[in-house]
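Everything below belongs to structure06.txt, which stores compact mmCIF, C-alpha atoms.
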# COMPACT_ATOMS: atom_id res chain seq x y z
CA MET A 141 -19.54 5.76 -7.41
CA ALA A 142 -19.08 2.03 -7.29
CA ARG A 143 -18.76 0.34 -3.92
CA VAL A 144 -15.57 -1.52 -4.89
CA HIS A 145 -12.74 0.01 -6.90
CA ILE A 146 -10.44 -2.54 -8.55
CA VAL A 147 -6.91 -1.32 -9.28
CA MET A 148 -5.38 -3.45 -12.03
CA ALA A 149 -1.72 -2.72 -12.76
CA SER A 150 -0.83 -3.43 -16.38
CA TYR A 151 2.38 -3.48 -18.37
CA ASN A 152 2.72 -5.32 -21.70
CA GLY A 153 -0.03 -7.70 -20.67
CA GLU A 154 -1.71 -8.41 -24.01
CA THR A 155 -1.28 -12.19 -23.64
CA TYR A 156 -3.49 -12.65 -20.58
CA ILE A 157 -5.39 -9.45 -19.88
CA ARG A 158 -8.54 -10.38 -21.83
CA GLU A 159 -9.03 -13.54 -19.77
CA GLN A 160 -8.50 -11.57 -16.56
CA LEU A 161 -10.94 -8.79 -17.52
CA ASP A 162 -13.53 -11.39 -18.48
CA SER A 163 -13.20 -13.03 -15.06
CA LEU A 164 -13.68 -9.66 -13.35
CA LEU A 165 -16.75 -8.79 -15.39
CA ASN A 166 -18.23 -12.21 -14.55
CA GLN A 167 -18.30 -11.58 -10.78
CA THR A 168 -21.37 -12.42 -8.70
CA PHE A 169 -20.99 -9.02 -7.02
CA THR A 170 -21.50 -6.34 -9.66
CA ASP A 171 -21.17 -2.92 -7.99
CA PHE A 172 -17.53 -2.33 -8.90
CA HIS A 173 -15.32 -0.30 -11.20
CA ILE A 174 -12.10 -1.55 -12.80
CA GLU A 175 -9.33 1.00 -13.29
CA VAL A 176 -6.60 -0.47 -15.48
CA CYS A 177 -3.45 1.48 -14.57
CA ASP A 178 -1.09 1.12 -17.49
CA ASP A 179 2.58 1.75 -16.83
CA GLY A 180 3.81 2.44 -20.36
CA SER A 181 2.90 -0.70 -22.30
CA THR A 182 4.36 -0.94 -25.79
CA ASP A 183 2.23 -3.90 -26.92
CA ARG A 184 -1.55 -4.01 -27.52
CA THR A 185 -2.53 -3.84 -23.82
CA LYS A 186 -4.02 -0.34 -23.99
CA GLU A 187 -5.87 -1.11 -27.22
CA ILE A 188 -7.44 -4.19 -25.64
CA VAL A 189 -8.50 -2.26 -22.52
CA ARG A 190 -10.08 0.46 -24.67
CA GLU A 191 -12.19 -2.24 -26.35
CA TYR A 192 -13.51 -3.28 -22.92
CA GLU A 193 -13.95 0.37 -21.95
CA LYS A 194 -16.32 0.89 -24.87
CA ARG A 195 -18.14 -2.35 -24.13
CA ASP A 196 -18.67 -1.95 -20.36
CA GLY A 197 -18.88 1.29 -18.37
CA ARG A 198 -17.32 -0.43 -15.37
CA VAL A 199 -13.91 -0.45 -17.10
CA SER A 200 -11.62 2.57 -17.50
CA LEU A 201 -8.01 3.05 -18.59
CA HIS A 202 -5.54 5.25 -16.73
CA CYS A 203 -2.18 5.78 -18.45
CA ASN A 204 0.73 6.87 -16.27
CA GLU A 205 2.69 9.81 -17.67
CA GLU A 206 5.90 7.92 -16.95
CA ASN A 207 6.85 4.39 -15.94
CA LEU A 208 6.34 4.17 -12.17
CA GLY A 209 7.16 0.53 -11.49
CA TYR A 210 4.62 -1.87 -10.08
CA VAL A 211 4.82 -0.69 -6.44
CA GLN A 212 4.09 2.97 -7.20
CA ASN A 213 1.59 2.02 -9.91
CA PHE A 214 -0.52 0.12 -7.39
CA MET A 215 -0.12 2.69 -4.63
CA GLN A 216 -1.11 5.61 -6.85
CA GLY A 217 -4.15 3.62 -7.96
CA VAL A 218 -5.20 3.10 -4.34
CA LEU A 219 -4.79 6.84 -3.73
CA ARG A 220 -6.99 7.74 -6.72
CA SER A 221 -9.77 5.48 -5.46
CA GLU A 222 -12.70 7.22 -3.78
CA ALA A 223 -14.68 4.04 -3.18
CA PRO A 224 -15.35 2.54 0.26
CA TYR A 225 -13.28 -0.52 -0.73
CA THR A 226 -10.32 -1.02 -3.05
CA MET A 227 -9.00 -4.31 -4.42
CA LEU A 228 -5.62 -4.98 -6.03
CA CYS A 229 -5.51 -6.95 -9.24
CA ASP A 230 -2.77 -8.36 -11.46
CA GLN A 231 -3.21 -8.39 -15.22
CA ASP A 232 -2.58 -12.10 -15.70
CA ASP A 233 -4.60 -14.01 -13.09
CA ILE A 234 -8.15 -15.40 -13.29
CA TRP A 235 -10.57 -14.42 -10.52
CA ASN A 236 -13.09 -16.91 -9.17
CA PRO A 237 -16.64 -15.64 -9.82
CA ASP A 238 -17.28 -15.04 -6.10
CA LYS A 239 -13.93 -13.38 -5.29
CA ILE A 240 -15.34 -9.93 -4.57
CA GLU A 241 -18.35 -11.35 -2.73
CA VAL A 242 -16.21 -13.55 -0.44
CA THR A 243 -13.64 -10.85 0.29
CA LEU A 244 -16.20 -8.12 0.89
CA ALA A 245 -18.12 -10.33 3.34
CA ALA A 246 -14.95 -10.81 5.39
CA MET A 247 -14.26 -7.07 5.25
CA GLU A 248 -17.74 -6.16 6.48
CA GLN A 249 -17.46 -8.67 9.32
CA ALA A 250 -14.10 -7.20 10.37
CA GLU A 251 -15.46 -3.65 10.27
CA LYS A 252 -18.16 -4.64 12.76
CA GLN A 253 -15.39 -5.55 15.20
CA VAL A 254 -13.19 -2.47 14.64
CA GLU A 255 -14.71 0.79 13.45
CA ASN A 256 -13.09 3.65 11.54
CA VAL A 257 -9.66 2.05 11.20
CA PRO A 258 -7.81 0.69 8.17
CA VAL A 259 -8.59 -2.96 7.46
CA LEU A 260 -6.88 -5.30 5.02
CA VAL A 261 -8.42 -8.60 3.95
CA TYR A 262 -6.37 -11.12 2.00
CA THR A 263 -7.10 -14.66 0.88
CA ASP A 264 -5.38 -17.77 -0.35
CA ALA A 265 -4.80 -18.34 -4.07
CA MET A 266 -4.58 -21.41 -6.27
CA ASN A 267 -1.27 -21.66 -8.11
CA TYR A 268 -1.97 -22.21 -11.79
CA ASP A 269 0.35 -23.43 -14.54
CA SER A 270 -0.24 -21.14 -17.49
CA GLU A 271 0.95 -23.60 -20.13
CA THR A 272 -0.81 -26.77 -18.98
CA GLY A 273 -3.84 -25.22 -17.27
CA LYS A 274 -3.10 -27.41 -14.25
CA LYS A 275 -3.90 -26.29 -10.70
CA MET A 276 -0.77 -26.66 -8.55
CA GLY A 277 -2.18 -26.28 -5.06
CA SER A 278 -2.70 -23.57 -2.47
CA PHE A 279 -0.20 -20.71 -2.48
CA HIS A 280 0.02 -20.59 1.31
CA ALA A 281 0.21 -24.38 1.72
CA ASN A 282 2.94 -24.66 -0.93
CA SER A 283 4.95 -21.76 0.45
CA HIS A 284 4.52 -22.77 4.13
CA LEU A 285 3.74 -19.19 5.16
CA ASP A 286 2.13 -18.82 8.59
CA THR A 287 -0.93 -16.66 7.95
CA LYS A 288 -1.67 -16.38 11.69
CA LYS A 289 1.44 -14.27 12.32
CA VAL A 290 0.32 -10.85 11.12
CA ASP A 291 1.30 -8.89 14.23
CA THR A 292 3.60 -5.91 13.71
CA ALA A 293 6.84 -7.68 14.68
CA HIS A 294 6.36 -10.62 12.32
CA LEU A 295 5.18 -8.38 9.49
CA PHE A 296 8.26 -6.18 9.79
CA MET A 297 10.35 -9.22 8.89
CA GLU A 298 8.08 -11.22 6.55
CA ASN A 299 5.15 -10.43 4.30
CA LYS A 300 2.30 -12.95 4.30
CA CYS A 301 -0.10 -11.21 1.92
CA ILE A 302 -0.56 -11.91 -1.77
CA GLY A 303 -1.26 -8.52 -3.32
CA CYS A 304 -3.62 -9.86 -5.96
CA THR A 305 -5.94 -11.14 -3.21
CA VAL A 306 -6.00 -7.93 -1.17
CA MET A 307 -8.92 -5.63 -0.34
CA VAL A 308 -8.47 -2.50 1.81
CA ASN A 309 -11.09 -0.12 3.10
CA GLY A 310 -11.14 3.63 2.54
CA GLN A 311 -9.52 4.42 5.90
CA ILE A 312 -6.17 3.32 4.46
CA ARG A 313 -5.91 6.45 2.32
CA SER A 314 -5.31 8.74 5.30
CA PHE A 315 -2.03 6.86 5.84
CA LEU A 316 -0.81 7.24 2.26
CA GLN A 317 -0.09 10.96 1.94
CA LYS A 318 3.56 10.01 1.46
CA ILE A 319 4.76 6.86 -0.28
CA PRO A 320 8.47 6.26 0.50
CA GLU A 321 10.91 4.87 -2.05
CA GLU A 322 11.99 2.27 0.52
CA ILE A 323 8.73 0.30 0.16
CA ARG A 324 9.69 -3.20 -0.97
CA VAL A 325 6.24 -4.40 -2.00
CA HIS A 326 2.94 -2.48 -2.00
CA ASP A 327 0.90 -5.21 -0.26
CA TRP A 328 3.54 -5.52 2.46
CA TRP A 329 3.35 -1.78 3.20
CA LEU A 330 -0.46 -1.81 3.33
CA ALA A 331 -0.37 -4.82 5.67
CA LEU A 332 2.09 -3.03 7.98
CA ILE A 333 -0.24 -0.03 8.18
CA CYS A 334 -3.30 -2.14 8.96
CA SER A 335 -1.44 -4.34 11.46
CA HIS A 336 -0.29 -1.26 13.39
CA PHE A 337 -3.37 0.92 13.19
CA GLY A 338 -6.26 -1.36 12.29
CA LYS A 339 -6.76 -5.01 11.45
CA VAL A 340 -5.46 -7.68 9.05
CA VAL A 341 -7.82 -10.55 8.20
CA TYR A 342 -7.02 -13.78 6.36
CA VAL A 343 -9.62 -15.82 4.46
CA ASN A 344 -8.46 -19.41 4.14
CA LYS A 345 -9.94 -19.93 0.71
CA PRO A 346 -8.42 -19.55 -2.77
CA THR A 347 -10.26 -16.78 -4.61
CA LEU A 348 -8.31 -16.79 -7.86
CA LEU A 349 -6.05 -18.78 -10.15
CA TYR A 350 -2.57 -17.37 -9.55
CA ARG A 351 -0.98 -17.72 -12.93
CA GLN A 352 2.64 -18.88 -12.99
CA HIS A 353 4.67 -18.05 -16.09
CA SER A 354 8.08 -16.70 -17.08
CA GLY A 355 6.94 -13.07 -16.92
CA ASN A 356 5.83 -13.09 -13.26
CA ILE A 357 7.32 -10.26 -11.21
CA ILE A 358 6.46 -12.13 -8.02
CA GLY A 359 5.26 -15.70 -8.34
CA GLY A 360 4.11 -18.57 -6.20
CA SER A 361 7.20 -20.74 -6.28
CA SER A 362 7.28 -23.92 -4.22
CA TYR A 363 8.82 -24.13 -0.77
CA THR A 364 11.60 -26.34 -2.17
CA SER A 365 12.41 -23.70 -4.79
CA TYR A 366 12.44 -21.07 -2.05
CA VAL A 367 15.01 -23.04 -0.02
CA LYS A 368 17.24 -23.72 -3.05
CA LYS A 369 17.19 -20.07 -4.02
CA ARG A 370 18.15 -19.00 -0.51
CA LEU A 371 21.02 -21.46 -0.31
CA SER A 372 22.43 -20.43 -3.69
CA GLY A 373 22.30 -16.65 -3.21
CA ILE A 374 23.56 -15.61 0.22
CA ALA A 375 24.75 -12.17 -0.93
CA GLY A 376 21.38 -11.48 -2.53
CA GLN A 377 19.56 -12.55 0.62
CA LYS A 378 21.65 -10.25 2.77
CA GLU A 379 20.83 -7.37 0.46
CA ALA A 380 17.12 -8.28 0.61
CA LEU A 381 17.37 -8.23 4.41
CA ARG A 382 18.99 -4.80 4.31
CA LYS A 383 16.11 -3.56 2.14
CA THR A 384 13.67 -4.98 4.68
CA TYR A 385 15.41 -3.07 7.47
CA ARG A 386 15.27 0.13 5.40
CA GLN A 387 11.57 -0.37 4.78
CA GLY A 388 11.12 -0.68 8.55
CA ARG A 389 13.08 2.52 9.15
CA ALA A 390 10.96 4.37 6.60
CA PHE A 391 7.80 3.08 8.28
CA LEU A 392 9.01 4.25 11.69
CA ALA A 393 10.00 7.68 10.38
CA LEU A 394 6.64 8.19 8.72
CA TYR A 395 4.30 6.84 11.41
CA ARG A 396 6.23 7.35 14.65
CA ASP A 397 3.74 9.93 15.95
CA ARG A 398 0.80 7.55 15.43
CA MET A 399 2.31 4.59 17.30
CA ASP A 400 1.62 3.67 20.90
CA ASP A 401 4.54 3.01 23.25
CA ALA A 402 4.64 -0.75 22.66
CA GLN A 403 4.56 -0.34 18.88
CA LEU A 404 7.24 2.33 19.05
CA GLU A 405 9.57 0.07 21.03
CA ILE A 406 9.17 -2.75 18.49
CA ALA A 407 9.61 -0.45 15.50
CA GLU A 408 12.69 1.27 16.92
CA HIS A 409 14.41 -2.03 17.63
CA PHE A 410 13.63 -3.35 14.15
CA ALA A 411 14.79 -0.13 12.52
CA GLY A 412 18.08 -0.33 14.42
CA MET A 413 18.90 -3.94 13.53
CA GLU A 414 20.95 -3.21 10.42
CA HIS A 415 23.54 -1.28 12.40
CA ALA A 416 23.30 -3.22 15.67
CA GLY A 417 25.97 -5.66 16.77
CA TRP A 418 26.00 -9.38 15.88
CA LEU A 419 24.65 -10.48 19.25
CA ILE A 420 22.08 -7.68 19.65
CA ARG A 421 20.48 -8.50 16.28
CA ARG A 422 19.93 -12.09 17.32
CA ILE A 423 18.68 -11.16 20.78
CA ASP A 424 16.18 -8.72 19.28
CA MET A 425 15.05 -11.30 16.73
CA ILE A 426 14.08 -13.66 19.56
CA LYS A 427 12.91 -11.07 22.11
CA TYR A 428 10.59 -9.12 19.82
CA GLY A 429 9.57 -11.87 17.41
CA PHE A 430 11.29 -10.58 14.27
CA THR A 431 10.96 -14.02 12.74
CA LYS A 432 9.64 -15.75 9.65
CA SER A 433 7.47 -18.81 9.05
CA GLY A 434 8.90 -22.16 10.10
CA PHE A 435 12.17 -23.57 11.39
CA VAL A 436 14.04 -23.59 8.08
CA ARG A 437 13.35 -19.94 7.31
CA ASN A 438 14.27 -18.88 10.84
CA ALA A 439 17.45 -20.93 10.87
CA GLY A 440 18.46 -19.21 7.66
CA LEU A 441 17.50 -15.82 9.07
CA PHE A 442 19.55 -16.41 12.24
CA PHE A 443 22.56 -17.16 10.01
CA LEU A 444 22.03 -14.08 7.82
CA LEU A 445 21.48 -11.54 10.60

Structure encoded using structure tokens:
Amino acid sequence: MARVHIVMASYNGETYIREQLDSLLNQTFTDFHIEVCDDGSTDRTKEIVREYEKRDGRVSLHCNEENLGYVQNFMQGVLRSEAPYTMLCDQDDIWNPDKIEVTLAAMEQAEKQVENVPVLVYTDAMNYDSETGKKMGSFHANSHLDTKKVDTAHLFMENKCIGCTVMVNGQIRSFLQKIPEEIRVHDWWLALICSHFGKVVYVNKPTLLYRQHSGNIIGGSSYTSYVKKRLSGIAGQKEALRKTYRQGRAFLALYRDRMDDAQLEIAEHFAGMEHAGWLIRRIDMIKYGFTKSGFVRNAGLFFLL
């Protein structure tokens, strides 16, 4: 069994998947296995992966019996992993040659500090224009996300992690017997688990080229684009906030018995925000730290609550 299991979610990825697989197979750390989890591709994605499967024993193809969507596709891949460490991988990025090595070193350092608990390590990424080949700057710098705020209260309200940079250790699997439909994003859910019951670690270094193109499910848009989108779609933002509350309620329902008293108080107040009164929502936002990164985001959040 390989030490690192890489879960790559694929769906109609024939355009970029060769370049991504090549970058994975060119890693400085070599004790890994790549499981390409295909979610019903109708292009040549599976054919391409089978070519790599024949060429290198570290590559295998798993075909879902039905289309799961990207959240469940990733989560089921993590559950199938039996390796000490699991990494999440998109089909269209390009990993730096030392990505596994850098991330694993941070993981091992964290595990020396906290033993036998779930740990999540995530890194920065370099935004990359697919058409021009131009590097467009750090994902976290461009998006103005505060990577220091990964406590439970902040993570209930805002995800900081880029899934394609994430590594989790094997202890995470004991928290994944049930995977609720209310999960908004797989990396967000894994970060919530590790923040509550283990540790979340950020490596301030880009470890991949984060490809930006028209087919991105979740991309690295600029902070200016983020603000414009929020201003132009208030109804959509309120619905996104409701989904965030529901994710919090699902987390509380599933892990209530594992929380300590302080965690339980925070989780119960967050879970109750959707149906709380106008004033109570805003008081709880300030009292418990249910905030986002930066003044502009929090001003918008205060308005939306």

Just want the 8 Å neighbourhood of stretch 195-206 of chain A, counted on all atoms listed in the file, with same-chain residues fewer than 3 positions away dropped. Output as a PyMOL selection string. chain A and resi 172-180+186+189-192

With all atoms listed in the file as the atoms that count, which of A:Asn282, A:Thr182, A:Thr287, A:Thr292 lies nearest to A:Met399?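 For A:Met399, the nearest of the given residues is A:Thr292.
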
Test item: residues at most 9 Å from stretch 334-340 of chain A, all atoms listed in the file, excluding those fewer than 3 positions along its chain, as number ranges by chain: A: 250-251, 254-262, 290-292, 295, 308, 312, 329-331, 398-399, 403

By how many Å are atom CA of A:Phe296 and atom CA of A:Glu405 apart? 12.9 Å

In Å, how far is it from atom CA of A:Glu321 to atom CA of A:Lys288?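 So the two atoms, atom CA of A:Glu321 and atom CA of A:Lys288, lie 28.3 Å apart.
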
So which residues touch A:Arg158 within 12 Å, counting all atoms listed in the file, skipping near sequence neighbours fewer than 3 positions away, as a list in words?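 These residues fall inside the cut-off: Ser150, Gly153, Glu154, Thr155, Leu161, Asp162, Ser163, Leu164, Leu165, Val176, Arg184, Thr185, Lys186, Glu187, Ile188, Val189, Arg190, Glu191, Tyr192, Gln231, Asp232, Asp233 and Ile234 of chain A.
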
Polymer residues at most 10 Å from A:Val343, all atoms listed in the file, same-chain spacing of 5 or more positions, as a list of chain:residue names: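 The residues satisfying every condition are A:Val242, A:Thr243, A:Ala246, A:Met247, A:Val261, A:Tyr262, A:Thr263, A:Asp264, A:Thr287, A:Thr305.
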
When distances are computed from all atoms listed in the file, which of A:Ala142, A:Ser314, A:Ala265, A:Ile302 shows the smallest separation from A:His326?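 Under the stated criterion, the closest residue is A:Ile302.
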
Can you work out the spacing between atom CA of A:Asp269 and atom CA of A:Leu348 in Å, to one decimal?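 Separating atom CA of A:Asp269 from atom CA of A:Leu348 is a distance of 12.8 Å.
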
Which one is closest to A:Gln216: A:Gln317, A:Ser181, A:Gln160, A:Gln253? Count all atoms listed in the file. A:Gln317

Show me, as a tab-separated table (two decimals) with C-alpha atoms, in the coordinates of the input, the residues that have an atom within 12 Å of A:Arg396 when counting only C-alpha atoms, minus same-chain residues fewer than 5 positions from it.
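File part_32.tsv, as written:
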chain	number	residue	atom	x	y	z
A	333	ILE	CA	-0.24	-0.03	8.18
A	336	HIS	CA	-0.29	-1.26	13.39
A	337	PHE	CA	-3.37	0.92	13.19
A	388	GLY	CA	11.12	-0.68	8.55
A	389	ARG	CA	13.08	2.52	9.15
A	390	ALA	CA	10.96	4.37	6.60
A	391	PHE	CA	7.80	3.08	8.28
A	401	ASP	CA	4.54	3.01	23.25
A	402	ALA	CA	4.64	-0.75	22.66
A	403	GLN	CA	4.56	-0.34	18.88
A	404	LEU	CA	7.24	2.33	19.05
A	405	GLU	CA	9.57	0.07	21.03
A	406	ILE	CA	9.17	-2.75	18.49
A	407	ALA	CA	9.61	-0.45	15.50
A	408	GLU	CA	12.69	1.27	16.92
A	411	ALA	CA	14.79	-0.13	12.52

The residue from A:Leu445, A:Met413, A:Lys239, A:Ser433 with the smallest atom-to-atom distance to A:His284, counting only C-alpha atoms, is A:Ser433

Nearest to A:Arg382 by atom-to-atom distance, counting all atoms listed in the file, from A:Leu394, A:Ile420, A:Leu444, A:Val436: A:Leu444

May I ask which of the residues A:Leu332, A:Met148, A:Ala380, A:Leu285 is the closest one to A:Phe435, counting only C-alpha atoms? A:Leu285

What are the centre and the three edge lengths of an axis-aligned box that wraps all atoms of stretch 190-206 of chain A in the file, given that 5 Å is added to every side, written as JSON and rounded to one decimal in Å?
{"center_x": -6.5, "center_y": 3.3, "center_z": -20.9, "size_x": 34.8, "size_y": 23.1, "size_z": 21.0}

Mind listing whatever residues come within 8 Å of the point (10.2, -7.0, 22.2)? Use only C-alpha atoms, file coordinates, and give them as a list in words.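 The residues near that point, listed by chain and number, are Glu405, Ile406, His409, Asp424, Lys427, Tyr428 and Gly429 of chain A.
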